[in-house]
>>> print(open('structure26.txt').read())   # compact mmCIF, C-alpha atoms
# COMPACT_ATOMS: atom_id res chain seq x y z
CA MET A 115 0.00 0.00 0.00
CA LYS A 116 2.81 2.38 0.93
CA ASP A 117 4.63 1.68 -2.33
CA PHE A 118 1.38 2.25 -4.24
CA LEU A 119 0.82 5.65 -2.62
CA TYR A 120 4.42 6.74 -3.15
CA GLN A 121 4.96 5.51 -6.71
CA GLN A 122 5.30 8.12 -9.37
CA GLN A 123 2.43 7.20 -11.65
CA TRP A 124 -0.49 4.80 -11.54
CA GLY A 125 -1.42 2.52 -14.41
CA TRP A 126 -4.75 3.09 -16.19
CA LYS A 127 -6.53 0.29 -14.29
CA SER A 128 -5.68 1.46 -10.77
CA GLY A 129 -6.06 5.09 -11.87
CA GLY A 130 -9.48 4.44 -13.43
CA ILE A 131 -10.70 2.57 -10.34
CA ALA A 132 -9.44 5.41 -8.09
CA LEU A 133 -11.23 8.02 -10.24
CA ALA A 134 -14.44 5.95 -10.19
CA PHE A 135 -14.17 5.71 -6.40
CA VAL A 136 -13.85 9.50 -5.99
CA PHE A 137 -16.86 10.28 -8.23
CA LEU A 138 -18.95 7.61 -6.52
CA LEU A 139 -17.92 8.88 -3.08
CA GLY A 140 -18.91 12.45 -4.03
CA ILE A 141 -22.43 11.55 -5.17
CA THR A 142 -22.96 9.06 -2.32
CA LEU A 143 -22.03 11.53 0.41
CA VAL A 144 -23.35 14.86 -0.95
CA LYS A 145 -23.65 15.53 -4.69
CA PRO A 146 -21.84 15.05 -8.03
CA VAL A 147 -18.30 16.41 -8.26
CA GLY A 148 -17.87 19.70 -10.18
CA VAL A 149 -15.16 22.34 -10.39
CA SER A 150 -15.67 25.15 -12.92
CA ALA A 151 -18.44 27.11 -11.09
CA GLN A 152 -15.98 27.79 -8.27
CA PHE A 153 -14.01 30.09 -10.59
CA VAL A 154 -17.15 32.26 -10.64
CA ILE A 155 -17.34 32.13 -6.84
CA LEU A 156 -13.70 33.22 -6.43
CA ASP A 157 -14.26 36.03 -8.96
CA GLY A 158 -17.34 37.07 -6.98
CA LEU A 159 -15.43 37.09 -3.67
CA ILE A 160 -12.90 39.49 -5.21
CA TRP A 161 -15.56 41.58 -7.00
CA ASP A 162 -17.54 41.86 -3.77
CA LEU A 163 -14.59 43.70 -2.15
CA PHE A 164 -14.91 46.52 -4.67
CA SER A 165 -18.63 46.78 -5.29
CA ALA A 166 -21.45 47.05 -2.77
CA ASP A 167 -24.35 45.67 -4.85
CA ILE A 168 -22.72 42.44 -6.09
CA VAL A 169 -24.09 40.46 -3.16
CA VAL A 170 -26.99 41.82 -1.15
CA GLU A 171 -29.42 40.24 1.28
CA ASP A 172 -32.91 40.05 -0.15
CA ALA A 173 -35.72 38.35 1.76
CA SER A 174 -37.80 37.93 -1.41
CA SER A 175 -35.17 35.76 -3.14
CA LYS A 176 -35.23 31.96 -2.79
CA THR A 177 -31.77 31.85 -1.25
CA THR A 178 -32.28 35.20 0.63
CA TYR A 179 -29.42 36.65 -1.44
CA ALA A 180 -29.51 38.62 -4.68
CA SER A 181 -27.08 40.37 -7.04
CA SER A 182 -27.14 43.25 -9.51
CA ASN A 183 -25.34 40.87 -11.91
CA ALA A 184 -27.72 38.64 -13.87
CA TYR A 185 -25.50 35.54 -13.68
CA LEU A 186 -24.84 35.72 -9.94
CA ASN A 187 -28.57 36.40 -9.43
CA LYS A 188 -29.58 33.32 -11.50
CA SER A 189 -31.61 30.46 -9.89
CA GLY A 190 -32.78 32.53 -6.93
CA GLY A 191 -29.35 34.05 -6.25
CA LYS A 192 -27.56 30.69 -6.03
CA TYR A 193 -24.09 32.05 -6.80
CA ALA A 194 -24.67 35.23 -4.75
CA LYS A 195 -25.39 33.01 -1.74
CA ASN A 196 -22.23 30.93 -2.27
CA ILE A 197 -20.20 34.17 -2.47
CA ALA A 198 -21.79 35.44 0.75
CA GLU A 199 -21.13 32.07 2.42
CA PRO A 200 -17.91 30.70 0.87
CA MET A 201 -17.56 28.00 3.56
CA ASN A 202 -19.81 25.74 1.49
CA TYR A 203 -19.29 22.21 0.13
CA SER A 204 -18.31 23.03 -3.46
CA PHE A 205 -15.83 25.80 -2.64
CA ILE A 206 -14.11 23.86 0.16
CA PHE A 207 -13.98 20.85 -2.19
CA VAL A 208 -11.87 22.82 -4.70
CA LEU A 209 -9.59 24.21 -1.97
CA ALA A 210 -9.06 20.65 -0.71
CA MET A 211 -8.09 19.60 -4.27
CA VAL A 212 -5.09 21.93 -4.03
CA ALA A 213 -4.00 20.16 -0.84
CA GLY A 214 -4.51 16.74 -2.46
CA GLY A 215 -2.47 17.62 -5.55
CA PHE A 216 0.27 19.07 -3.34
CA ALA A 217 0.40 15.98 -1.11
CA ALA A 218 0.54 13.61 -4.08
CA SER A 219 3.45 15.47 -5.67
CA LYS A 220 5.36 15.73 -2.37
CA MET A 221 4.91 12.04 -1.55
CA GLN A 222 6.57 10.81 -4.70
CA THR A 223 9.72 8.80 -4.08
CA SER A 224 11.45 10.01 -7.19
CA ASP A 225 10.96 13.68 -7.92
CA THR A 226 9.18 14.14 -11.23
CA GLU A 227 10.93 16.94 -12.97
CA ILE A 228 8.50 19.56 -14.24
CA VAL A 229 9.20 20.15 -17.93
CA ASP A 230 8.14 23.69 -18.74
CA PRO A 231 7.18 24.24 -21.50
CA PRO A 232 6.19 20.59 -22.15
CA VAL A 233 8.40 18.73 -24.67
CA VAL A 234 5.56 18.49 -27.21
CA TRP A 235 5.18 22.29 -27.00
CA GLN A 236 8.94 22.97 -27.33
CA LYS A 237 9.20 20.89 -30.50
CA LYS A 238 6.73 23.05 -32.41
CA LEU A 239 6.59 26.35 -30.54
CA GLY A 240 10.03 26.84 -29.02
CA SER A 241 11.40 26.96 -25.49
CA SER A 242 10.23 30.45 -24.47
CA THR A 243 8.40 30.18 -21.14
CA ALA A 244 6.88 33.66 -21.60
CA LYS A 245 5.14 32.49 -24.78
CA ARG A 246 3.97 29.31 -23.05
CA TYR A 247 2.58 31.25 -20.07
CA LEU A 248 0.76 33.68 -22.38
CA PHE A 249 -0.90 30.79 -24.22
CA ALA A 250 -1.65 28.89 -20.97
CA GLY A 251 -3.45 32.05 -19.79
CA LEU A 252 -5.34 32.47 -23.06
CA GLY A 253 -6.27 28.79 -22.95
CA GLY A 254 -7.58 29.35 -19.43
CA VAL A 255 -9.80 32.21 -20.64
CA LEU A 256 -11.33 29.98 -23.35
CA VAL A 257 -11.67 26.93 -21.07
CA LEU A 258 -13.55 28.72 -18.30
CA PHE A 259 -15.66 30.87 -20.64
CA GLY A 260 -16.65 27.71 -22.54
CA ALA A 261 -17.26 25.73 -19.34
CA ARG A 262 -19.55 28.39 -17.89
CA LEU A 263 -21.47 28.72 -21.16
CA ALA A 264 -21.87 24.93 -21.18
CA GLY A 265 -22.73 24.83 -17.48
CA GLY A 266 -19.88 22.50 -16.48
CA CYS A 267 -16.46 21.13 -17.37
CA THR A 268 -14.61 17.81 -17.58
CA SER A 269 -15.56 16.87 -14.02
CA GLY A 270 -19.15 18.18 -13.83
CA HIS A 271 -20.31 17.44 -17.39
CA MET A 272 -18.04 14.72 -18.73
CA MET A 273 -17.34 12.57 -15.66
CA SER A 274 -20.29 13.24 -13.30
CA GLY A 275 -22.69 13.80 -16.21
CA MET A 276 -21.85 10.65 -18.15
CA MET A 277 -21.76 8.67 -14.87
CA GLN A 278 -25.44 9.59 -14.41
CA THR A 279 -26.13 9.04 -18.18
CA ALA A 280 -26.98 12.76 -18.56
CA LEU A 281 -27.68 13.80 -22.16
CA SER A 282 -25.79 17.07 -21.51
CA GLY A 283 -22.68 15.11 -20.49
CA TYR A 284 -22.48 13.30 -23.85
CA LEU A 285 -23.11 16.55 -25.79
CA PHE A 286 -20.36 18.34 -23.87
CA ALA A 287 -17.87 15.47 -24.28
CA PHE A 288 -18.58 15.38 -28.03
CA GLY A 289 -18.07 19.15 -28.47
CA ALA A 290 -14.98 19.32 -26.24
CA PHE A 291 -13.16 16.35 -27.80
CA ALA A 292 -14.04 17.36 -31.38
CA ALA A 293 -12.59 20.88 -30.99
CA ALA A 294 -9.67 19.74 -28.82
CA VAL A 295 -8.46 16.97 -31.19
CA VAL A 296 -8.58 19.29 -34.23
CA THR A 297 -6.81 22.10 -32.32
CA ALA A 298 -4.15 19.78 -30.84
CA ILE A 299 -3.26 18.20 -34.20
CA PHE A 300 -3.21 21.64 -35.86
CA MET A 301 -0.97 23.15 -33.15
CA TYR A 302 1.36 20.28 -32.29
CA GLY A 303 1.12 17.87 -35.24
CA ARG A 304 1.24 14.09 -34.82
CA GLU A 305 5.00 13.49 -35.21
CA ASP A 306 6.86 11.82 -32.34
CA MET B 34 -20.40 17.28 8.31
CA THR B 35 -20.74 18.24 4.63
CA LEU B 36 -17.59 20.37 4.97
CA LEU B 37 -15.69 17.34 6.26
CA PHE B 38 -16.97 15.37 3.24
CA ALA B 39 -15.82 18.25 0.98
CA ILE B 40 -12.33 18.10 2.45
CA ILE B 41 -12.06 14.30 2.13
CA THR B 42 -13.47 14.02 -1.40
CA GLY B 43 -11.69 17.13 -2.70
CA PHE B 44 -8.36 15.98 -1.26
CA LEU B 45 -8.75 12.54 -2.86
CA PHE B 46 -9.72 14.07 -6.22
CA GLY B 47 -6.65 16.34 -6.29
CA PHE B 48 -4.46 13.43 -5.19
CA VAL B 49 -5.81 11.07 -7.87
CA LEU B 50 -5.57 13.67 -10.67
CA GLN B 51 -1.85 13.99 -9.93
CA LYS B 52 -1.35 10.21 -9.66
CA VAL B 53 -3.00 9.39 -13.00
CA GLY B 54 -0.86 11.99 -14.79
CA ALA B 55 -3.74 14.36 -15.60
CA THR B 56 -1.84 17.32 -14.11
CA ASN B 57 0.85 16.95 -16.78
CA PRO B 58 -0.11 18.98 -19.91
CA GLN B 59 2.19 16.77 -21.99
CA ARG B 60 -0.12 13.80 -21.29
CA ILE B 61 -3.28 15.80 -22.04
CA ILE B 62 -1.88 17.14 -25.31
CA ASP B 63 -0.62 13.67 -26.34
CA MET B 64 -4.10 12.26 -25.69
CA LEU B 65 -5.72 15.04 -27.74
CA ARG B 66 -3.33 14.61 -30.69
CA LEU B 67 -4.17 10.90 -30.53
CA LYS B 68 -0.71 9.63 -29.56
CA ASP B 69 -1.03 8.41 -25.96
CA PHE B 70 -4.28 6.87 -24.70
CA HIS B 71 -3.18 6.18 -21.12
CA LEU B 72 -5.33 9.03 -19.79
CA LEU B 73 -8.26 8.25 -22.08
CA LYS B 74 -8.31 4.64 -20.84
CA THR B 75 -8.19 5.91 -17.25
CA ILE B 76 -11.07 8.36 -17.81
CA LEU B 77 -13.25 5.79 -19.64
CA LEU B 78 -12.74 3.21 -16.90
CA GLY B 79 -13.47 5.92 -14.31
CA ILE B 80 -16.77 6.89 -15.97
CA GLY B 81 -17.83 3.34 -16.82
CA GLY B 82 -16.92 1.90 -13.42
CA SER B 83 -18.56 4.69 -11.40
CA SER B 84 -21.69 4.62 -13.57
CA LEU B 85 -22.16 0.85 -13.26
CA LEU B 86 -21.77 0.98 -9.46
CA LEU B 87 -23.92 4.13 -9.15
CA PHE B 88 -26.91 2.48 -10.80
CA ILE B 89 -26.44 -0.70 -8.73
CA PHE B 90 -26.27 1.44 -5.56
CA LEU B 91 -29.35 3.45 -6.65
CA GLY B 92 -31.18 0.17 -7.24
CA ILE B 93 -30.45 -1.21 -3.76
CA GLY B 94 -30.96 2.18 -2.07
CA LEU B 95 -27.33 2.74 -1.05
CA VAL B 96 -27.25 6.08 -2.88
CA ASP B 97 -30.06 8.56 -2.21
CA ALA B 98 -31.76 9.52 -5.51
CA SER B 99 -32.03 13.11 -4.24
CA HIS B 100 -28.23 13.38 -4.67
CA ILE B 101 -28.66 12.96 -8.44
CA SER B 102 -28.16 16.18 -10.39
CA ILE B 103 -28.72 16.13 -14.15
CA LYS B 104 -27.47 19.30 -15.85
CA GLY B 105 -29.54 20.88 -18.63
CA ALA B 106 -28.88 20.14 -22.32
CA TYR B 107 -29.09 23.30 -24.48
CA THR B 108 -27.29 24.68 -27.54
CA GLY B 109 -24.65 26.36 -25.35
CA VAL B 110 -23.52 22.97 -24.01
CA ILE B 111 -22.17 22.09 -27.47
CA VAL B 112 -20.95 25.64 -28.32
CA GLY B 113 -19.38 25.98 -24.87
CA GLY B 114 -17.85 22.51 -25.28
CA LEU B 115 -16.24 23.57 -28.59
CA ILE B 116 -14.77 26.76 -27.05
CA PHE B 117 -13.64 24.73 -24.03
CA GLY B 118 -11.99 22.17 -26.33
CA ILE B 119 -9.88 24.79 -28.14
CA GLY B 120 -8.58 26.18 -24.84
CA TRP B 121 -8.05 22.65 -23.47
CA ALA B 122 -5.71 21.80 -26.36
CA VAL B 123 -3.89 25.17 -26.27
CA ALA B 124 -3.21 25.03 -22.51
CA GLY B 125 -3.17 21.29 -21.84
CA PHE B 126 -5.27 21.82 -18.71
CA CYS B 127 -8.95 21.68 -17.79
CA PRO B 128 -10.33 23.45 -14.68
CA GLY B 129 -9.77 20.56 -12.24
CA THR B 130 -6.38 19.44 -13.56
CA GLY B 131 -5.19 23.08 -13.74
CA ILE B 132 -5.96 23.57 -10.05
CA ALA B 133 -4.26 20.30 -9.07
CA ALA B 134 -1.26 21.11 -11.32
CA LEU B 135 -0.88 24.52 -9.69
CA ALA B 136 -0.49 22.69 -6.38
CA THR B 137 2.36 20.58 -7.78
CA GLY B 138 4.32 23.74 -8.57
CA ARG B 139 3.72 24.14 -12.32
CA LYS B 140 4.07 27.83 -13.23
CA ASP B 141 2.09 27.45 -16.49
CA ALA B 142 -0.84 26.19 -14.37
CA VAL B 143 -0.74 29.44 -12.36
CA PHE B 144 -1.23 31.39 -15.60
CA PHE B 145 -3.94 28.96 -16.69
CA VAL B 146 -5.90 29.49 -13.46
CA LEU B 147 -5.50 33.30 -13.69
CA GLY B 148 -6.75 33.16 -17.30
CA GLY B 149 -9.60 30.94 -16.10
CA LEU B 150 -10.66 33.53 -13.54
CA ILE B 151 -10.71 36.15 -16.33
CA GLY B 152 -12.69 33.84 -18.66
CA ALA B 153 -15.26 33.05 -15.95
CA PHE B 154 -15.55 36.80 -15.21
CA ILE B 155 -16.10 37.66 -18.90
CA PHE B 156 -18.92 35.10 -18.95
CA THR B 157 -20.39 36.48 -15.70
CA LEU B 158 -20.50 39.95 -17.28
CA SER B 159 -21.88 38.69 -20.63
CA TYR B 160 -24.63 36.43 -19.30
CA GLY B 161 -27.26 39.17 -18.97
CA ALA B 162 -26.86 40.08 -22.65
CA ILE B 163 -26.90 36.52 -24.05
CA LYS B 164 -29.28 34.66 -21.73
CA ASP B 165 -32.30 35.01 -24.01
CA ASN B 166 -30.65 34.11 -27.32
CA PHE B 167 -30.27 30.79 -29.18
CA LEU B 168 -27.35 29.68 -26.98
CA PHE B 169 -29.78 28.83 -24.23
CA ALA B 170 -32.39 27.14 -26.44
CA ALA B 171 -33.26 23.77 -24.89
CA LEU B 172 -31.82 20.67 -26.58
CA GLY B 173 -33.40 17.95 -24.51
CA GLY B 174 -33.43 19.72 -21.14
CA ASN B 175 -32.42 18.09 -17.86
CA ALA B 176 -32.62 14.56 -19.23
CA SER B 177 -30.78 11.30 -18.55
CA LEU B 178 -30.85 8.14 -20.67
CA ALA B 179 -31.44 5.79 -17.73
CA SER B 180 -33.95 6.35 -14.94
CA THR B 181 -32.22 7.54 -11.76
CA GLY B 182 -35.36 7.38 -9.62
CA ASN B 183 -35.31 11.16 -9.12
CA ASP B 184 -38.49 12.47 -10.80
CA LYS B 185 -37.20 16.08 -11.00
CA PHE B 186 -35.43 14.96 -14.20
CA THR B 187 -36.62 13.63 -17.56
CA VAL B 188 -35.76 10.05 -18.59
CA LEU B 189 -35.22 9.24 -22.27
CA PHE B 190 -35.68 5.45 -21.87
CA PRO B 191 -38.27 5.24 -19.10
CA ASP B 192 -39.58 1.80 -20.08
CA THR B 193 -36.25 0.00 -20.03
CA LEU B 194 -34.70 -1.21 -16.76
CA ALA B 195 -32.29 1.54 -15.60
CA LEU B 196 -29.46 -0.89 -14.84
CA PHE B 197 -29.83 -2.33 -18.35
CA VAL B 198 -29.45 1.10 -20.04
CA ALA B 199 -26.74 2.51 -17.75
CA GLY B 200 -24.97 -0.85 -17.38
CA GLY B 201 -24.89 -1.36 -21.15
CA ILE B 202 -23.28 2.04 -21.73
CA ALA B 203 -20.89 1.49 -18.80
CA LEU B 204 -19.75 -1.90 -20.14
CA LEU B 205 -19.21 -0.36 -23.59
CA LEU B 206 -16.98 2.36 -22.08
CA ILE B 207 -15.05 -0.23 -20.05
CA VAL B 208 -14.53 -2.44 -23.13
CA ILE B 209 -13.21 0.56 -25.10
CA ALA B 210 -10.88 1.38 -22.18
CA TRP B 211 -9.69 -2.24 -22.21
CA LYS B 212 -9.16 -2.53 -25.95
CA ALA B 213 -7.70 0.91 -26.73
CA PRO B 214 -3.92 0.82 -27.24
CA GLU B 215 -1.75 2.57 -24.63
CA LYS B 216 0.32 4.33 -27.31
CA VAL B 217 -0.19 4.89 -31.02
>>> encode(input="structure26.txt", output="structure tokens")
Amino acid sequence: MKDFLYQQQWGWKSGGIALAFVFLLGITLVKPVGVSAQFVILDGLIWDLFSADIVVEDASSKTTYASSNAYLNKSGGKYAKNIAEPMNYSFIFVLAMVAGGFAASKMQTSDTEIVDPPVVWQKKLGSSTAKRYLFAGLGGVLVLFGARLAGGCTSGHMMSGMMQTALSGYLFAFGAFAAAVVTAIFMYGRED
Amino acid sequence: MTLLFAIITGFLFGFVLQKVGATNPQRIIDMLRLKDFHLLKTILLGIGGSSLLLFIFLGIGLVDASHISIKGAYTGVIVGGLIFGIGWAVAGFCPGTGIAALATGRKDAVFFVLGGLIGAFIFTLSYGAIKDNFLFAALGGNASLASTGNDKFTVLFPDTLALFVAGGIALLLIVIAWKAPEKV
């Protein structure tokens, strides 16, 4: 068991079973795992510091919170409430993910060297880290804009959604993989 | 109690994402350019395995049907998925793996997460202007293929045994995971 926890990388069978366990645990204990909405919550926490009407108490709203922003005010002020009360399941879940990723990387017996930019990137696009960081940031803009438009990301739509046989999960997976495969082959090619 | 569950499940998720190699953009990009299917096999087994067990657990009452949450299907799910896919290939991260990668000390993941916060903010500001257009036209609504026993959601195959529908799809995903080559 100790060796298993400390080894650098799991095979696809143990990795797949571990992933299945996490998604099953999430829905058994509370609700399906999801990540991308928490970017909105963190934005809202920052925005709230600068603007007084981003989260307000409102007895007539379903959640008793409301916002001057249409998205944060959606579904009875659902996001406004989570910004007002950030100690909630979904936000703590994402913070705990940071701790989990950190622990896993620290527990590795052999240190995996971080290759930055990745080798596949360097081959086509050069070794400039500034260029890589710019594109990682731009990619982030597209990923989170797309995820919020779709209402979920790889974890909420693809994994949790397809686990529950949700129609939206299959549609999202189809769209995401179609665009990603075309973009990846265009940007990086298929050469070794 | 729910916060304790959040800490346990979130910690495990971050831990597993690192252990399966999903925090390494090289592996994501190699999957997307159809060279290395290690991650794809992992994901397919993860979805298939959890789905099969979920519907067994729902059937015997081990999982409360009120925990089921079926997201809506509308035009924006596909359009958003396409935009997401472009960024996924450019960066080599998705929201969850970007956050876990940041924790392992990857600097590019820091920029990805900052970009993500900007992207989510642009959407937050745009929503009011786009919420009534074609992007939010229903495309099946909050529907699942198999019956989950939660009648808040629509079922597309209500007359077939849930375990038969969900189990069939799950086994298909597991067989693909099994048969797909590790490297191409």
>>> atom_distance(input="structure26.txt", atom1="atom CA of Cys127 of chain B", atom2="atom CA of Ile163 of chain B")
24.1 Å
>>> closest_residue(input="structure26.txt", among="B:Phe70, B:Phe44, B:Tyr107, B:Phe126", to="chain A", atoms="only C-alpha atoms")
B:Phe44
>>> closest_residue(input="structure26.txt", among="B:Thr130, B:Ser83, B:Thr187, B:Ser177", to="Pro58 of chain B", atoms="all atoms listed in the file")
B:Thr130
>>> interface_residues(input="structure26.txt", of="chain A", to="chain B", cutoff="6 Å", atoms="only C-alpha atoms", output="PyMOL selection string")
chain A and resi 123-124+126+129-131+133-134+138+142+145+149-150+153-154+184-185+203+206-207+210-212+214-216+218-219+232+247+250-261+263-264+273+277+279-282+285-286+289-290+293-295+297-299
>>> write_last_selection(input="structure26.txt", atoms="C-alpha atoms", output="CSV table (one decimal), in the coordinates of the input")
chain,number,residue,atom,x,y,z
A,123,GLN,CA,2.4,7.2,-11.6
A,124,TRP,CA,-0.5,4.8,-11.5
A,126,TRP,CA,-4.8,3.1,-16.2
A,129,GLY,CA,-6.1,5.1,-11.9
A,130,GLY,CA,-9.5,4.4,-13.4
A,131,ILE,CA,-10.7,2.6,-10.3
A,133,LEU,CA,-11.2,8.0,-10.2
A,134,ALA,CA,-14.4,6.0,-10.2
A,138,LEU,CA,-19.0,7.6,-6.5
A,142,THR,CA,-23.0,9.1,-2.3
A,145,LYS,CA,-23.6,15.5,-4.7
A,149,VAL,CA,-15.2,22.3,-10.4
A,150,SER,CA,-15.7,25.2,-12.9
A,153,PHE,CA,-14.0,30.1,-10.6
A,154,VAL,CA,-17.2,32.3,-10.6
A,184,ALA,CA,-27.7,38.6,-13.9
A,185,TYR,CA,-25.5,35.5,-13.7
A,203,TYR,CA,-19.3,22.2,0.1
A,206,ILE,CA,-14.1,23.9,0.2
A,207,PHE,CA,-14.0,20.8,-2.2
A,210,ALA,CA,-9.1,20.6,-0.7
A,211,MET,CA,-8.1,19.6,-4.3
A,212,VAL,CA,-5.1,21.9,-4.0
A,214,GLY,CA,-4.5,16.7,-2.5
A,215,GLY,CA,-2.5,17.6,-5.6
A,216,PHE,CA,0.3,19.1,-3.3
A,218,ALA,CA,0.5,13.6,-4.1
A,219,SER,CA,3.4,15.5,-5.7
A,232,PRO,CA,6.2,20.6,-22.2
A,247,TYR,CA,2.6,31.2,-20.1
A,250,ALA,CA,-1.6,28.9,-21.0
A,251,GLY,CA,-3.4,32.0,-19.8
A,252,LEU,CA,-5.3,32.5,-23.1
A,253,GLY,CA,-6.3,28.8,-23.0
A,254,GLY,CA,-7.6,29.4,-19.4
A,255,VAL,CA,-9.8,32.2,-20.6
A,256,LEU,CA,-11.3,30.0,-23.4
A,257,VAL,CA,-11.7,26.9,-21.1
A,258,LEU,CA,-13.6,28.7,-18.3
A,259,PHE,CA,-15.7,30.9,-20.6
A,260,GLY,CA,-16.6,27.7,-22.5
A,261,ALA,CA,-17.3,25.7,-19.3
A,263,LEU,CA,-21.5,28.7,-21.2
A,264,ALA,CA,-21.9,24.9,-21.2
A,273,MET,CA,-17.3,12.6,-15.7
A,277,MET,CA,-21.8,8.7,-14.9
A,279,THR,CA,-26.1,9.0,-18.2
A,280,ALA,CA,-27.0,12.8,-18.6
A,281,LEU,CA,-27.7,13.8,-22.2
A,282,SER,CA,-25.8,17.1,-21.5
A,285,LEU,CA,-23.1,16.6,-25.8
A,286,PHE,CA,-20.4,18.3,-23.9
A,289,GLY,CA,-18.1,19.2,-28.5
A,290,ALA,CA,-15.0,19.3,-26.2
A,293,ALA,CA,-12.6,20.9,-31.0
A,294,ALA,CA,-9.7,19.7,-28.8
A,295,VAL,CA,-8.5,17.0,-31.2
A,297,THR,CA,-6.8,22.1,-32.3
A,298,ALA,CA,-4.2,19.8,-30.8
A,299,ILE,CA,-3.3,18.2,-34.2
>>> residues_around(input="structure26.txt", residues="Pro200 of chain A", least_positions_apart="4", cutoff="10 Å", atoms="all atoms listed in the file", output="number ranges by chain")
A: 152, 155-156, 159, 193-196, 204-206
>>> atom_distance(input="structure26.txt", atom1="atom CA of Leu248 of chain A", atom2="atom CA of Ser269 of chain A")
24.9 Å
>>> atom_distance(input="structure26.txt", atom1="atom CA of Phe288 of chain A", atom2="atom CA of Gly148 of chain A")
18.4 Å
>>> residues_near_point(input="structure26.txt", point="(6.1, 30.2, -24.3)", cutoff="10 Å", atoms="all atoms listed in the file", output="number ranges by chain")
A: 230-232, 235-236, 239-250; B: 141
>>> closest_residue(input="structure26.txt", among="B:Ala213, B:Ala171, B:Ile89, B:Asn166", to="Ala195 of chain B", atoms="only C-alpha atoms")
B:Ile89
>>> closest_residue(input="structure26.txt", among="A:Val229, A:Ala217, A:Ala287, A:Ala198", to="Ile160 of chain A", atoms="all atoms listed in the file")
A:Ala198
